[in-house]
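Peer 1: Supplied structure: input.cif, mmCIF, C-alpha atoms and all ligand atoms.
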```
data_query
#
loop_
_atom_site.label_atom_id
_atom_site.label_comp_id
_atom_site.auth_asym_id
_atom_site.auth_seq_id
_atom_site.Cartn_x
_atom_site.Cartn_y
_atom_site.Cartn_z
CA MET A 8 0.00 0.00 0.00
CA GLU A 9 1.46 3.36 -0.97
CA GLN A 10 2.14 5.56 2.06
CA ASN A 11 1.01 9.15 1.72
CA SER A 12 3.39 11.80 3.06
CA ARG A 13 0.32 13.51 4.57
CA LYS A 14 -0.41 10.78 7.05
CA ILE A 15 -3.09 11.40 9.70
CA LYS A 16 -6.50 12.78 8.79
CA LEU A 17 -9.44 13.92 10.88
CA VAL A 18 -12.98 13.53 9.56
CA THR A 19 -15.74 15.06 11.71
CA GLY A 20 -19.07 13.51 10.79
CA GLY A 21 -17.10 10.59 9.36
CA CYS A 22 -19.90 8.08 10.06
CA GLY A 23 -22.36 9.86 7.76
CA PHE A 24 -23.05 9.18 4.11
CA VAL A 25 -20.29 11.39 2.66
CA GLY A 26 -17.96 10.73 5.60
CA ARG A 27 -17.97 6.94 5.21
CA HIS A 28 -17.00 7.20 1.54
CA LEU A 29 -14.30 9.76 2.29
CA VAL A 30 -12.93 7.58 5.11
CA ASP A 31 -12.76 4.56 2.76
CA ASN A 32 -10.81 6.65 0.26
CA LEU A 33 -8.37 7.87 2.94
CA LEU A 34 -7.86 4.38 4.41
CA GLU A 35 -7.31 2.99 0.91
CA GLU A 36 -4.46 5.44 0.26
CA GLY A 37 -2.75 4.38 3.50
CA SER A 38 -3.68 7.25 5.81
CA GLU A 39 -4.56 6.80 9.46
CA VAL A 40 -8.03 8.27 9.93
CA TRP A 41 -9.57 9.75 13.08
CA VAL A 42 -13.35 10.03 13.02
CA LEU A 43 -15.36 12.23 15.38
CA ASP A 44 -19.10 11.53 15.30
CA ASN A 45 -22.00 11.44 17.77
CA LEU A 46 -24.05 9.13 15.51
CA PHE A 47 -26.90 11.65 15.28
CA THR A 48 -27.53 10.34 11.78
CA GLY A 49 -24.28 8.42 11.23
CA LYS A 50 -23.77 4.66 11.30
CA HIS A 51 -21.55 3.04 13.92
CA PRO A 52 -18.21 1.92 12.40
CA ASP A 53 -18.93 -1.64 13.67
CA LYS A 54 -21.50 -1.75 10.86
CA TRP A 55 -19.32 -0.55 7.98
CA LEU A 56 -15.77 -1.57 8.89
CA ALA A 57 -16.29 -5.25 8.15
CA GLY A 58 -13.30 -7.45 8.92
CA PHE A 59 -11.49 -4.87 11.10
CA SER A 60 -10.28 -5.80 14.60
CA LYS A 61 -11.36 -3.45 17.40
CA LYS A 62 -9.85 -2.43 20.71
CA GLU A 63 -10.66 0.33 23.22
CA GLU A 64 -7.94 2.79 24.27
CA ASN A 65 -8.30 6.11 26.16
CA ASN A 66 -12.06 6.27 25.41
CA PHE A 67 -11.40 5.85 21.68
CA SER A 68 -12.18 2.75 19.61
CA ILE A 69 -9.33 1.66 17.39
CA TYR A 70 -10.11 -0.38 14.29
CA GLU A 71 -7.35 -2.10 12.34
CA GLN A 72 -7.06 -4.32 9.31
CA GLY A 73 -3.83 -5.00 7.42
CA GLY A 74 -2.12 -1.61 7.30
CA LYS A 75 -5.40 0.28 7.78
CA LYS A 76 -6.14 2.13 11.02
CA LEU A 77 -9.18 4.13 12.10
CA VAL A 78 -9.61 5.81 15.48
CA PHE A 79 -13.26 6.43 16.37
CA ILE A 80 -14.18 9.16 18.84
CA TYR A 81 -17.84 8.61 19.72
CA GLN A 82 -18.63 12.08 21.02
CA ASP A 83 -20.58 15.22 20.25
CA ALA A 84 -18.31 17.64 18.35
CA ILE A 85 -19.60 20.50 20.51
CA ASP A 86 -18.44 18.88 23.78
CA PHE A 87 -15.27 17.54 22.20
CA PHE A 88 -13.95 20.82 20.79
CA ARG A 89 -15.25 22.92 23.70
CA ASN A 90 -13.37 20.77 26.24
CA ILE A 91 -10.14 20.85 24.24
CA ILE A 92 -10.34 24.62 23.80
CA ALA A 93 -11.03 25.06 27.55
CA GLY A 94 -8.09 22.79 28.43
CA LYS A 95 -10.49 20.33 30.09
CA SER A 96 -9.83 17.35 27.83
CA ALA A 97 -7.40 14.54 28.53
CA ALA A 98 -7.51 13.53 24.87
CA VAL A 99 -4.15 13.51 23.13
CA LEU A 100 -4.58 14.23 19.46
CA PRO A 101 -1.95 13.77 16.76
CA ASN A 102 -0.92 16.51 14.35
CA PHE A 103 -3.39 16.17 11.53
CA ASP A 104 -2.20 16.95 8.04
CA GLU A 105 -5.79 17.16 6.77
CA ALA A 106 -9.01 17.88 8.70
CA TYR A 107 -12.33 17.47 6.90
CA HIS A 108 -15.19 19.12 8.76
CA LEU A 109 -18.39 17.35 7.77
CA ALA A 110 -20.26 17.05 11.09
CA ALA A 111 -23.59 18.79 10.77
CA VAL A 112 -27.28 18.38 11.42
CA VAL A 113 -28.54 17.29 8.00
CA GLY A 114 -32.06 16.10 8.47
CA GLY A 115 -33.65 16.72 5.12
CA ARG A 116 -36.25 19.28 4.29
CA ALA A 117 -39.33 17.53 5.63
CA VAL A 118 -37.76 16.46 8.92
CA LEU A 119 -35.86 19.52 10.05
CA ILE A 120 -35.83 22.51 7.74
CA GLU A 121 -39.65 22.68 7.73
CA ASN A 122 -40.39 21.46 11.26
CA ASP A 123 -37.51 22.53 13.49
CA PRO A 124 -35.34 25.05 11.64
CA LEU A 125 -33.58 26.30 14.76
CA MET A 126 -32.28 22.78 15.38
CA VAL A 127 -30.32 23.20 12.14
CA ALA A 128 -28.70 26.29 13.66
CA THR A 129 -26.83 23.90 15.97
CA ASN A 130 -24.44 23.69 13.03
CA HIS A 131 -23.24 27.18 13.81
CA ILE A 132 -22.12 26.10 17.28
CA ILE A 133 -20.35 23.05 15.83
CA ASP A 134 -18.66 25.17 13.14
CA SER A 135 -17.50 27.94 15.46
CA LEU A 136 -15.98 25.49 17.94
CA PHE A 137 -14.38 23.52 15.11
CA PHE A 138 -12.67 26.65 13.76
CA GLN A 139 -11.64 27.80 17.25
CA TRP A 140 -9.95 24.42 17.67
CA ALA A 141 -8.45 24.40 14.16
CA VAL A 142 -6.72 27.78 14.42
CA LYS A 143 -4.96 26.51 17.57
CA ALA A 144 -4.25 22.91 16.50
CA LYS A 145 -3.31 24.04 12.96
CA PRO A 146 -3.91 20.97 10.81
CA LYS A 147 -1.85 21.49 7.65
CA ALA A 148 -5.03 21.74 5.57
CA VAL A 149 -8.71 22.08 6.46
CA LEU A 150 -11.81 21.48 4.36
CA TYR A 151 -15.12 23.05 5.34
CA VAL A 152 -18.20 21.50 3.74
CA SER A 153 -20.65 24.24 2.85
CA THR A 154 -23.54 23.63 0.44
CA SER A 155 -25.10 24.74 -2.82
CA VAL A 156 -28.02 25.93 -0.66
CA ALA A 157 -25.79 28.81 0.55
CA TYR A 158 -26.13 30.49 -2.87
CA PRO A 159 -28.77 33.22 -3.24
CA PHE A 160 -32.28 31.78 -3.55
CA SER A 161 -33.11 34.46 -6.12
CA MET A 162 -30.63 32.86 -8.55
CA GLN A 163 -32.24 29.42 -8.21
CA ASP A 164 -35.86 30.42 -8.61
CA ARG A 165 -38.43 29.50 -11.26
CA GLY A 166 -37.78 31.43 -14.49
CA LYS A 167 -34.64 33.16 -13.13
CA HIS A 168 -32.15 30.39 -12.48
CA VAL A 169 -28.56 30.26 -13.66
CA ALA A 170 -25.70 27.79 -13.19
CA MET A 171 -24.00 28.73 -9.93
CA ARG A 172 -20.47 30.07 -10.25
CA GLU A 173 -18.29 30.46 -7.16
CA GLU A 174 -18.12 34.26 -7.48
CA TYR A 175 -21.90 34.61 -7.01
CA LEU A 176 -21.24 34.05 -3.30
CA SER A 177 -18.15 35.40 -1.58
CA THR A 178 -17.36 36.05 2.08
CA LYS A 179 -14.06 37.77 1.22
CA GLY A 180 -13.27 41.46 0.78
CA HIS A 181 -16.43 43.44 0.13
CA GLY A 182 -18.18 40.13 -0.39
CA GLN A 183 -21.15 39.06 -2.43
CA ILE A 184 -24.07 37.37 -0.74
CA GLY A 185 -27.81 36.98 -1.20
CA LEU A 186 -30.57 35.40 0.86
CA PRO A 187 -30.20 31.60 0.90
CA GLU A 188 -33.30 29.48 0.55
CA SER A 189 -33.27 28.06 4.10
CA ILE A 190 -31.65 28.29 7.51
CA TYR A 191 -29.42 25.38 6.48
CA GLY A 192 -27.92 27.57 3.74
CA TRP A 193 -27.60 30.59 6.05
CA ILE A 194 -25.64 28.70 8.65
CA LYS A 195 -23.32 27.18 6.04
CA LEU A 196 -22.79 30.66 4.58
CA ALA A 197 -21.82 31.83 8.07
CA GLY A 198 -19.49 28.84 8.28
CA GLU A 199 -17.76 30.00 5.10
CA TYR A 200 -17.28 33.37 6.78
CA LEU A 201 -15.65 31.62 9.76
CA ALA A 202 -13.34 29.84 7.31
CA THR A 203 -12.39 33.18 5.73
CA VAL A 204 -11.61 34.68 9.16
CA ALA A 205 -9.62 31.57 10.17
CA HIS A 206 -7.53 31.96 7.03
CA GLU A 207 -7.12 35.74 6.99
CA LYS A 208 -6.60 36.37 10.72
CA TYR A 209 -4.99 33.10 11.83
CA GLY A 210 -3.26 31.87 8.66
CA LEU A 211 -5.18 28.57 8.54
CA SER A 212 -5.04 26.74 5.21
CA VAL A 213 -8.69 26.11 4.41
CA VAL A 214 -10.95 25.42 1.46
CA CYS A 215 -14.75 25.67 1.43
CA VAL A 216 -16.63 23.28 -0.82
CA ARG A 217 -20.19 23.74 -2.02
CA PRO A 218 -21.57 20.34 -2.94
CA PHE A 219 -24.66 20.06 -5.07
CA SER A 220 -26.69 16.86 -4.65
CA GLY A 221 -24.59 13.82 -3.74
CA TYR A 222 -26.10 10.36 -4.14
CA GLY A 223 -24.94 6.78 -3.93
CA GLU A 224 -25.81 3.15 -3.55
CA ASP A 225 -25.80 3.09 0.26
CA GLN A 226 -27.96 6.19 0.83
CA GLU A 227 -31.16 5.70 2.80
CA LEU A 228 -34.24 5.02 0.68
CA ASP A 229 -35.86 8.32 1.66
CA TYR A 230 -33.20 10.24 -0.33
CA PRO A 231 -34.31 11.26 -3.84
CA ILE A 232 -32.24 9.00 -6.12
CA PRO A 233 -32.58 5.73 -4.14
CA SER A 234 -36.25 6.56 -3.51
CA ILE A 235 -37.00 7.00 -7.23
CA ALA A 236 -34.90 3.90 -7.97
CA ALA A 237 -36.96 1.87 -5.46
CA ARG A 238 -40.20 2.98 -7.10
CA ALA A 239 -38.84 2.16 -10.56
CA ALA A 240 -37.58 -1.22 -9.28
CA ARG A 241 -41.15 -1.99 -8.20
CA ARG A 242 -42.26 -0.83 -11.67
CA GLU A 243 -44.75 1.62 -10.20
CA ASN A 244 -47.09 3.21 -12.73
CA PRO A 245 -47.70 6.09 -12.48
CA LEU A 246 -44.19 6.81 -11.24
CA ILE A 247 -44.67 9.63 -8.73
CA VAL A 248 -41.96 12.19 -7.97
CA TRP A 249 -41.58 14.70 -5.15
CA GLY A 250 -42.80 18.31 -5.57
CA SER A 251 -44.08 19.40 -8.97
CA GLY A 252 -41.39 17.24 -10.55
CA ASP A 253 -40.30 20.20 -12.67
CA GLN A 254 -37.78 21.32 -10.06
CA GLY A 255 -34.23 20.26 -10.84
CA ARG A 256 -30.90 19.47 -9.21
CA ASP A 257 -27.31 18.73 -10.18
CA PHE A 258 -26.69 15.15 -9.02
CA ILE A 259 -23.18 13.82 -8.49
CA HIS A 260 -22.20 10.25 -7.62
CA ILE A 261 -20.52 9.94 -4.23
CA ASP A 262 -17.27 8.54 -5.71
CA ASP A 263 -16.85 11.69 -7.82
CA PHE A 264 -17.92 13.83 -4.85
CA VAL A 265 -15.12 12.31 -2.74
CA SER A 266 -12.47 12.70 -5.45
CA ALA A 267 -13.48 16.38 -5.63
CA LEU A 268 -13.05 16.77 -1.83
CA ARG A 269 -9.55 15.32 -2.06
CA ILE A 270 -8.50 17.59 -4.92
CA ALA A 271 -10.03 20.68 -3.28
CA ILE A 272 -8.13 20.23 0.02
CA GLN A 273 -4.88 19.64 -1.83
CA LYS A 274 -5.17 22.56 -4.26
CA VAL A 275 -6.98 25.43 -2.52
CA HIS A 276 -5.70 26.98 0.70
CA ASP A 277 -7.05 30.54 0.91
CA ALA A 278 -10.65 29.85 2.08
CA SER A 279 -11.95 30.13 -1.47
CA ALA A 280 -14.97 28.05 -2.38
CA VAL A 281 -15.16 25.22 -4.88
CA ASN A 282 -18.40 23.89 -6.33
CA ILE A 283 -18.84 20.13 -6.34
CA GLY A 284 -21.30 18.98 -8.97
CA MET A 285 -21.53 17.56 -12.47
CA GLY A 286 -22.72 20.77 -14.07
CA GLY A 287 -26.06 19.58 -15.43
CA LEU A 288 -29.64 20.30 -14.43
CA LEU A 289 -32.01 17.33 -14.27
CA THR A 290 -35.63 17.73 -13.26
CA PHE A 291 -37.14 15.10 -10.99
CA LYS A 292 -39.40 14.03 -13.86
CA GLU A 293 -36.32 13.55 -16.09
CA ILE A 294 -34.64 11.52 -13.35
CA ALA A 295 -37.71 9.28 -13.05
CA LYS A 296 -37.82 8.85 -16.82
CA MET A 297 -34.14 7.87 -16.97
CA MET A 298 -34.54 5.46 -14.05
CA ALA A 299 -37.58 3.83 -15.70
CA GLU A 300 -35.66 3.54 -18.99
CA ILE A 301 -32.80 1.80 -17.18
CA GLU A 302 -35.35 -0.52 -15.55
CA GLY A 303 -36.87 -1.12 -19.00
CA TYR A 304 -40.45 0.14 -18.71
CA SER A 305 -42.38 3.32 -19.66
CA PRO A 306 -44.62 4.55 -16.84
CA GLU A 307 -46.63 7.75 -16.70
CA ILE A 308 -44.50 10.23 -14.68
CA LYS A 309 -46.40 12.50 -12.30
CA GLY A 310 -45.46 15.14 -9.72
CA LEU A 311 -47.02 15.51 -6.26
CA SER A 312 -47.34 19.27 -6.31
CA ASP A 313 -48.64 19.61 -2.75
CA LYS A 314 -45.21 18.79 -1.32
CA PRO A 315 -42.48 21.44 -0.90
CA GLU A 316 -39.80 21.45 -3.54
CA GLY A 317 -37.32 24.00 -2.18
CA SER A 318 -35.35 26.00 -4.73
CA PHE A 319 -36.56 25.47 -8.29
CA ALA A 320 -33.26 24.81 -10.08
CA VAL A 321 -29.95 24.20 -8.30
CA TYR A 322 -27.00 23.46 -10.60
CA ASN A 323 -23.46 24.59 -11.07
CA ASP A 324 -20.81 25.62 -13.50
CA PRO A 325 -17.95 23.18 -12.68
CA THR A 326 -15.24 25.15 -14.53
CA PHE A 327 -13.24 25.90 -11.38
CA LEU A 328 -13.29 22.30 -10.08
CA LYS A 329 -12.24 21.02 -13.50
CA SER A 330 -9.42 23.56 -13.63
CA LEU A 331 -8.05 21.89 -10.47
CA GLY A 332 -7.78 18.60 -12.39
CA TRP A 333 -11.09 16.90 -11.44
CA GLU A 334 -12.97 14.74 -13.92
CA PRO A 335 -15.99 12.61 -12.99
CA LYS A 336 -15.69 8.84 -13.49
CA ASN A 337 -19.46 8.24 -13.62
CA THR A 338 -21.92 9.81 -16.02
CA VAL A 339 -25.31 10.51 -14.46
CA ARG A 340 -26.76 7.47 -16.23
CA GLN A 341 -23.95 5.20 -15.02
CA GLY A 342 -24.45 6.46 -11.46
CA PHE A 343 -28.20 5.83 -11.65
CA GLU A 344 -27.56 2.32 -13.02
CA ARG A 345 -25.38 1.59 -9.98
CA VAL A 346 -28.06 2.86 -7.58
CA LEU A 347 -30.89 0.95 -9.27
CA LYS A 348 -28.84 -2.28 -9.19
CA SER A 349 -28.06 -1.91 -5.50
CA VAL A 350 -31.61 -0.87 -4.55
CA LYS A 351 -32.96 -3.97 -6.32
CA GLU A 352 -30.58 -6.14 -4.31
CA ARG A 353 -31.64 -4.37 -1.10
CA ILE A 354 -35.33 -4.93 -1.88
CA LYS A 355 -34.65 -8.60 -2.72
CA ASN A 356 -32.74 -9.15 0.55
CA GLU A 357 -35.49 -7.51 2.60
CA SER A 358 -38.29 -9.63 1.09
N1 LIG A 401 -24.84 14.75 0.83
C1 LIG A 401 -24.83 15.85 0.08
O1 LIG A 401 -25.17 15.85 -1.10
C2 LIG A 401 -24.37 17.17 0.66
C3 LIG A 401 -24.57 18.34 -0.08
C4 LIG A 401 -24.15 19.54 0.46
C5 LIG A 401 -23.50 19.56 1.68
N2 LIG A 401 -23.34 18.40 2.39
C6 LIG A 401 -22.66 18.49 3.69
O2 LIG A 401 -21.78 17.38 3.81
C7 LIG A 401 -21.69 16.97 5.18
C8 LIG A 401 -22.04 15.50 5.30
O3 LIG A 401 -23.37 15.30 4.83
P1 LIG A 401 -24.03 13.85 4.70
O4 LIG A 401 -24.91 13.87 3.52
O5 LIG A 401 -22.99 12.81 4.82
O6 LIG A 401 -24.97 13.86 5.99
P2 LIG A 401 -25.06 12.81 7.18
O7 LIG A 401 -26.20 13.22 8.04
O8 LIG A 401 -25.08 11.43 6.62
O9 LIG A 401 -23.67 13.05 7.94
C9 LIG A 401 -23.48 13.99 8.96
C10 LIG A 401 -22.69 13.33 10.06
O10 LIG A 401 -22.44 14.30 11.10
C11 LIG A 401 -22.69 13.66 12.35
N3 LIG A 401 -23.01 14.70 13.34
C12 LIG A 401 -24.10 15.50 13.38
N4 LIG A 401 -24.06 16.30 14.45
C13 LIG A 401 -22.91 16.01 15.11
C14 LIG A 401 -22.30 16.49 16.28
N5 LIG A 401 -22.87 17.46 17.03
N6 LIG A 401 -21.13 15.94 16.67
C15 LIG A 401 -20.53 14.97 15.93
N7 LIG A 401 -21.07 14.48 14.81
C16 LIG A 401 -22.24 14.98 14.40
C17 LIG A 401 -23.85 12.72 12.06
O11 LIG A 401 -24.00 11.70 13.04
C18 LIG A 401 -23.46 12.16 10.70
O12 LIG A 401 -22.63 11.04 10.81
C19 LIG A 401 -22.64 17.88 5.95
O13 LIG A 401 -21.90 18.96 6.49
C20 LIG A 401 -23.60 18.39 4.87
O14 LIG A 401 -24.15 19.62 5.22
C21 LIG A 401 -23.77 17.22 1.90
#
```
Show me the file's structure as structure tokens.
Ligand SMILES: NC(=O)c1ccc[n+]([C@@H]2O[C@H](COP(=O)([O-])OP(=O)(O)OC[C@H]3O[C@@H](n4cnc5c(N)ncnc54)[C@H](O)[C@@H]3O)[C@@H](O)[C@H]2O)c1

Peer 2:
Amino acid sequence: MEQNSRKIKLVTGGCGFVGRHLVDNLLEEGSEVWVLDNLFTGKHPDKWLAGFSKKEENNFSIYEQGGKKLVFIYQDAIDFFRNIIAGKSAAVLPNFDEAYHLAAVVGGRAVLIENDPLMVATNHIIDSLFFQWAVKAKPKAVLYVSTSVAYPFSMQDRGKHVAMREEYLSTKGHGQIGLPESIYGWIKLAGEYLATVAHEKYGLSVVCVRPFSGYGEDQELDYPIPSIAARAARRENPLIVWGSGDQGRDFIHIDDFVSALRIAIQKVHDASAVNIGMGGLLTFKEIAKMMAEIEGYSPEIKGLSDKPEGSFAVYNDPTFLKSLGWEPKNTVRQGFERVLKSVKERIKNES
């Protein structure tokens, strides 16, 4: 296994959907990975580190297999960073060469953004403590995961939408911001501002990434792509999609999402933002049509217009990410084929 000169990585929120894929990538390249997660939505590593041995040391769980090593800190990021900053923690942390900050309350529109928006604001506490820790601990490079939802809502609305370019939102200099669509976007925008301050006032090397819609085989079935795949797998007719079905997103397979995270942290150090997305707009009706085509049937496709759809069209111009050397390995169709195949296996195993 090739040893990377940047050796020990921290991934907050490493037990979540994106985190697990990032951790796999880091372990595969030979890095030691420390994961901090309170399992709010994440999965316990016992469930996804198959074949690893496990031992407990200093309140951390250490998983090993061959040359791979993962240290799991099962704790709330708020308590963890607050105690370290206050000098009240006995934890001895290594010098991290990369720290990926993913931990966040991500509950989905129906669960949190609509019903308990202030709960989402917890992310601001997590982010501020993370950056207070980072400017002291000084990992060599930090990645802050923002979101496409931080962009101005007015640029993603019906009849007025454009492909998002990084300069449409900036927390540097005189800045450029607009009202995001939800509290989730606002708090991430504030997080980008913290990243800018951490870089400009404390010299921290940091990149902000703005992912569009990540999807993958192991996502829960209530996420859009697996959910449409499950309905297509059951050959539902009509095939119903969320919202009006005319709203669109820029979907990116998780493998290409992770390769973009790795390139961004290695290439950008001045708190600038990098979009992560394929660069295409697909409406939910188009997604359903493609999924049904892959499944080999032709249902009537209908929207459920009484459900909220959020911003109308959220998609990006990936010129900057591509200029850093990123190229996706999966077309949208290939990614959907992978999801449909895995959802069919899941459904078969459950029945
Ligand atoms: N998935 C996407 O397409 C997408 C798009 C834009 C931004 N993001 C961002 O990427 C990051 C990961 O998203 P995801 O899709 O993997 O979501 P997820 O919910 O699967 O992962 C979030 C992880 O953070 C953990 N967490 C939450 N609160 C915590 C706390 N207080 N202390 C420690 N851990 C905590 C959760 O348990 C979970 O493991 C988030 O910051 C999210 O906002 C994701």

Peer 1: How many Å separate CA of Tyr200 in chain A from CA of Lys179 in chain A?

Peer 2: 7.8 Å

Peer 1: Grab me every residue within 7 Å of ligand LIG 401 (chain A), counting only C-alpha atoms and all ligand atoms, and send it over as a compact mmCIF listing (two decimals) with C-alpha atoms, keeping the file's coordinate frame.

Peer 2:
```txt
# COMPACT_ATOMS: atom_id res chain seq x y z
CA THR A 19 -15.74 15.06 11.71
CA GLY A 20 -19.07 13.51 10.79
CA GLY A 21 -17.10 10.59 9.36
CA CYS A 22 -19.90 8.08 10.06
CA GLY A 23 -22.36 9.86 7.76
CA PHE A 24 -23.05 9.18 4.11
CA VAL A 25 -20.29 11.39 2.66
CA GLY A 26 -17.96 10.73 5.60
CA LEU A 43 -15.36 12.23 15.38
CA ASP A 44 -19.10 11.53 15.30
CA ASN A 45 -22.00 11.44 17.77
CA LEU A 46 -24.05 9.13 15.51
CA PHE A 47 -26.90 11.65 15.28
CA THR A 48 -27.53 10.34 11.78
CA GLY A 49 -24.28 8.42 11.23
CA LYS A 50 -23.77 4.66 11.30
CA GLN A 82 -18.63 12.08 21.02
CA ASP A 83 -20.58 15.22 20.25
CA ALA A 84 -18.31 17.64 18.35
CA ILE A 85 -19.60 20.50 20.51
CA LEU A 109 -18.39 17.35 7.77
CA ALA A 110 -20.26 17.05 11.09
CA ALA A 111 -23.59 18.79 10.77
CA VAL A 112 -27.28 18.38 11.42
CA VAL A 113 -28.54 17.29 8.00
CA GLY A 114 -32.06 16.10 8.47
CA ILE A 133 -20.35 23.05 15.83
CA VAL A 152 -18.20 21.50 3.74
CA SER A 153 -20.65 24.24 2.85
CA THR A 154 -23.54 23.63 0.44
CA SER A 155 -25.10 24.74 -2.82
CA ARG A 217 -20.19 23.74 -2.02
CA PRO A 218 -21.57 20.34 -2.94
CA PHE A 219 -24.66 20.06 -5.07
CA SER A 220 -26.69 16.86 -4.65
CA GLY A 221 -24.59 13.82 -3.74
CA TYR A 222 -26.10 10.36 -4.14
```

Peer 1: Using 8 Å of padding on each side, determine the axis-aligned box around all atoms of range 237-253 of chain A present in the file and give its centre and edge lengths in Å to one decimal, as AutoDock Vina command-line options.

Peer 2:
```
--center_x -42.3 --center_y 9.1 --center_z -8.9 --size_x 26.7 --size_y 38.2 --size_z 23.6
```

Peer 1: Go ahead and compute the interatomic distance for CA of Leu150 in chain A and CA of Tyr107 in chain A, in Å to one decimal.

Peer 2: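 About the pair CA of Leu150 in chain A and CA of Tyr107 in chain A: they are 4.8 Å apart.
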
Peer 1: Hey, could you make a per-residue contact list for range 114-219 of chain A against range 88-93 of chain A with 9 Å as the cut-off, showing the nearest pair of atoms and its distance in Å to one decimal, counting only C-alpha atoms, sorted by chain and number, as JSON lines?

Peer 2:
```
{"residue": "A:Ile133", "atom": "CA", "partner": "A:Phe88", "partner_atom": "CA", "distance": 8.4}
{"residue": "A:Leu136", "atom": "CA", "partner": "A:Phe88", "partner_atom": "CA", "distance": 5.8}
{"residue": "A:Phe137", "atom": "CA", "partner": "A:Phe88", "partner_atom": "CA", "distance": 6.3}
{"residue": "A:Gln139", "atom": "CA", "partner": "A:Ile92", "partner_atom": "CA", "distance": 7.4}
{"residue": "A:Trp140", "atom": "CA", "partner": "A:Ile92", "partner_atom": "CA", "distance": 6.1}
{"residue": "A:Lys143", "atom": "CA", "partner": "A:Ile92", "partner_atom": "CA", "distance": 8.4}
```

Peer 1: How far is it from CA of Arg256 in chain A to CA of Val30 in chain A, in Å with one decimal?

Peer 2: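 Calculated distance between CA of Arg256 in chain A and CA of Val30 in chain A is 25.9 Å.
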
Peer 1: Of the candidates A:His51, A:Lys195, A:Lys336, A:Arg242, which one gets nearest to Ile80 in chain A if we count all atoms listed in the file?

Peer 2: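 For Ile80 in chain A, the nearest of the candidates is A:His51.
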
Peer 1: Looking at all atoms listed in the file, which of A:Asp164, A:Glu207, A:Glu35, A:Glu64 is the one that sits closest to Pro187 in chain A?

Peer 2: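 Closest to Pro187 in chain A, using all atoms listed in the file: A:Asp164.
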
Peer 1: For Arg172 in chain A, which of A:Leu228, A:Ala271, A:Ile283, A:Leu29 is the closest residue, counting only C-alpha atoms?

Peer 2: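 Checking each candidate against Arg172 in chain A, we get A:Ile283 as the closest.
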
Peer 1: Would you please work out which residue, of A:Arg241, A:Arg345, A:His206, A:Lys309, is nearest to Lys147 in chain A when using all atoms listed in the file?

Peer 2: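 With all atoms listed in the file as the atom set, the closest residue is A:His206.
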
Peer 1: Using only C-alpha atoms, pick whichever of A:Lys54, A:Val216, A:Leu331, A:Ser68 has the shortest atom-to-atom distance to His108 in chain A.

Peer 2: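 So, comparing all the options, the nearest one is A:Val216.
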